[in-house]
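A short write-up of the structure that comes next.
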2 protein chains.
Amino acid sequence: MTSLAEMAKQPGSWLDGSGPHSDIVLSTRVRLARNLQSVPFPTRAKAEQLAQMLPSVVAAAKKSSAFAEMAVLRSAEMTQQDKQFLVERHLISHDFAENSKVGALIIGTDESVSIMVNEEDHLRLQVLCSGRQLGKAVKLADKVDDELDASLEYAFSDELGYLTSCPTNVGTGLRASVLMHFPALVLTKQIGKVLQGITQVGLGVRGFYGEGTEIIGNFFQVSNQTTLGLSENEAAMSLERVVNQVMEYESKAMEAALRDAKVQIEDKVWRAFGALRYCKILPSRELVSLVSLVRFGVSLGLSGLCAIGALNELLVLSQPAHMQKRAGRDLTAAERNVMRAELVRERLWRR
Amino acid sequence: MTSLAEMAKQPGSWLDGSGPHSDIVLSTRVRLARNLQSVPFPTRAKAEQLAQMLPSVVAAAKKSSAFAEMAVLRSAEMTQQDKQFLVERHLISHDFAENSKVGALIIGTDESVSIMVNEEDHLRLQVLCSGRQLGKAVKLADKVDDELDASLEYAFSDELGYLTSCPTNVGTGLRASVLMHFPALVLTKQIGKVLQGITQVGLGVRGFYGEGTEIIGNFFQVSNQTTLGLSENEAAMSLERVVNQVMEYESKAMEAALRDAKVQIEDKVWRAFGALRYCKILPSRELVSLVSLVRFGVSLGLSGLCAIGALNELLVLSQPAHMQKRAGRDLTAAERNVMRAELVRERLWRR
């Protein structure tokens, strides 16, 4: 496992744009909430009890091929910047970053599998995949879960399923989410209706940067909310059906946009590309908006732009802690804006 | 002499950025108002009298080396688009374009010398030079004026000098103007004071597109207003002194801008360059603003942009009648905006 500074140079492969439907779906995430029967849940346990638990989880993970390469990072040893970095990387939660004292993060090969230890639950197993791959992500999560289960004794009720700190997770403990990009639905002003429909069928919608973050750059995270009464696979497939439906709406909106305003869209897309390639100061919000526009152009099939993966990566690499890890020092907001522009130029002039 | 459509591909060499101080001064213009003694002035003459006069002016011009290549365009034979084109080209006035029925334009080699016949005066001899070249322009105008004077009998009073339709031109009949670019004075908010100073010493200030046009893109035309009591050369040198002074202010403002906000300026300049290189729709006002910014960058010595001449040329070539001449047909404003973006891309990706 490499250092965080090394990690900061490249995001995990789940954002590389290689997965199916990567033009609309950036990535798929599945997480399972699990607790050990022998230890009080984190909300009630004493710090020593939680701290003592980590070695058994690490030992269990070592038996899984998903953790052939492994890094264990203890929250007590993390700096504030490390925590922010791991949040930006989608490897720990805001809650973990702010409150964890005896927590740890176990990162598996290529960051596609990881375990957050002692956040709200003892274990939060996470799987990340490129593109729309709900079936594969659930399958991989289940496999690793089984491997861990062989060494650990989970808190489980025959009636309710897996027991968790928060009742909303009881049952499967599964939360599946898909990170999508809907520029055409936003442009054609249909997004409000679509988001309303998504929440009406019991799914949740958030921004790119996770819970409580606003939606910028037309990026949306859609996730299931129900963990009781459905199998892991049923929950994932129910989410996938909605995702497919919305992808179809987005495709139709793209066609309509191209039919009604092709040159106007091309103008906006190429100007955004020009701004990314030439700017010398780039605030992070503007980066997200510009990347969204160029991503839209690539999805529309405009040629001569850049790879989807390069754009996805910029969303992660341009974040504050990533920039500071790369620089090897703290940076002011003004310094970051200059360095962000450099990063983008470096990536977008590459051939 | 080539056709107007051929001319539309390239402006006259007076905008090629080759002249002295081209970083701040785009061009120098000198015009002499002259009338023939034997014919009533255009404001009073009958159309036949004016029409009959043209051959003698053409014959006189033929004897000047400045008209070795010559084109004679009669206003009666000009289309509306031709007139607009010649206005854009700084070869005829708005007044001539709108009102001339028996006028003509005689264009000499490379458009640097021309004669507008039967506008407000019988002859308006014009000389255009690249950069700040008042002395040279006055000298050339005087030389051609002498050559014409050898064949034509000018209305001249020993007491007043050359007689003209409008009393403001009586005397030398000379109007000298210098087209300048003051982005740093505008940026540092000193321009108001400078323009006030210019008008206080009796000079006039107008926008790039001539009399009555507003100032856009930080381009300013400064001209003398006095034609009585000074020789041609004195008037020109008095203008040059002011021009030199203002150039110095602009240089100082550039230094201050670079000292106080280098990266912010670089960001603006390079973004403008990116927008010009990548846009697919480009309204004319925006072109002027973007060209102004890039021109500022070149003046500041930022490397990797483009030649000053290429930017000057865009200001002329991107105008409506120029675009239509190139296209060989009338264009809607929307079509022009698309074609303007194409023109700019074609010029700015050239190496």
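Ordered as shown in the structure tokens, chains take letters A, B, and onward, while each chain numbers its residues from 1 and ligands are numbered from 1 in the order shown.
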
Given only C-alpha atoms, how would the per-residue table for chain A near chain B read, listing every residue at most 6 Å away with its closest atom pair and distance in Å to one decimal, sorted by chain and number, as a Markdown table?
| residue | atom | partner | partner_atom | distance |
| --- | --- | --- | --- | --- |
| A:Asp267 | CA | B:Lys280 | CA | 4.4 |
| A:Trp270 | CA | B:Tyr278 | CA | 5.3 |
| A:Arg271 | CA | B:Cys279 | CA | 5.2 |
| A:Gly274 | CA | B:Gly274 | CA | 4.5 |
| A:Ala275 | CA | B:Arg271 | CA | 5.4 |
| A:Tyr278 | CA | B:Trp270 | CA | 5.3 |
| A:Cys279 | CA | B:Asp267 | CA | 5.2 |
| A:Lys280 | CA | B:Asp267 | CA | 4.4 |
| A:Ile281 | CA | B:Asp267 | CA | 5.8 |

As a ChimeraX atom specification, please: every residue in stretch 202-316 of chain B that DSSP puts in helix (DSSP H, G or I).
/B:232-278,284-300,308-316

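Proximity to B:Thr332 was assessed for B:Pro320, B:Leu228, B:Ile198, B:Ala261 counting only C-alpha atoms; the smallest distance is recorded for B:Pro320.
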
Could you go through stretch 109-269 of chain A and tell me which residues DSSP, when run on the backbone, assigns to strand (DSSP E), listing them as a PyMOL selection string?
chain A and resi 113-117+123-130+156-157+161-162+174-181+203-206+219-224

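We find atom CA of B:Ser177 and atom CA of B:Glu6 to be spaced 27.3 Å apart.
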
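For the choices B:Gly135, B:Pro167, B:Pro283, B:Gly161, the atom-to-atom distance to B:Leu239 is smallest for B:Gly135 when using only C-alpha atoms.
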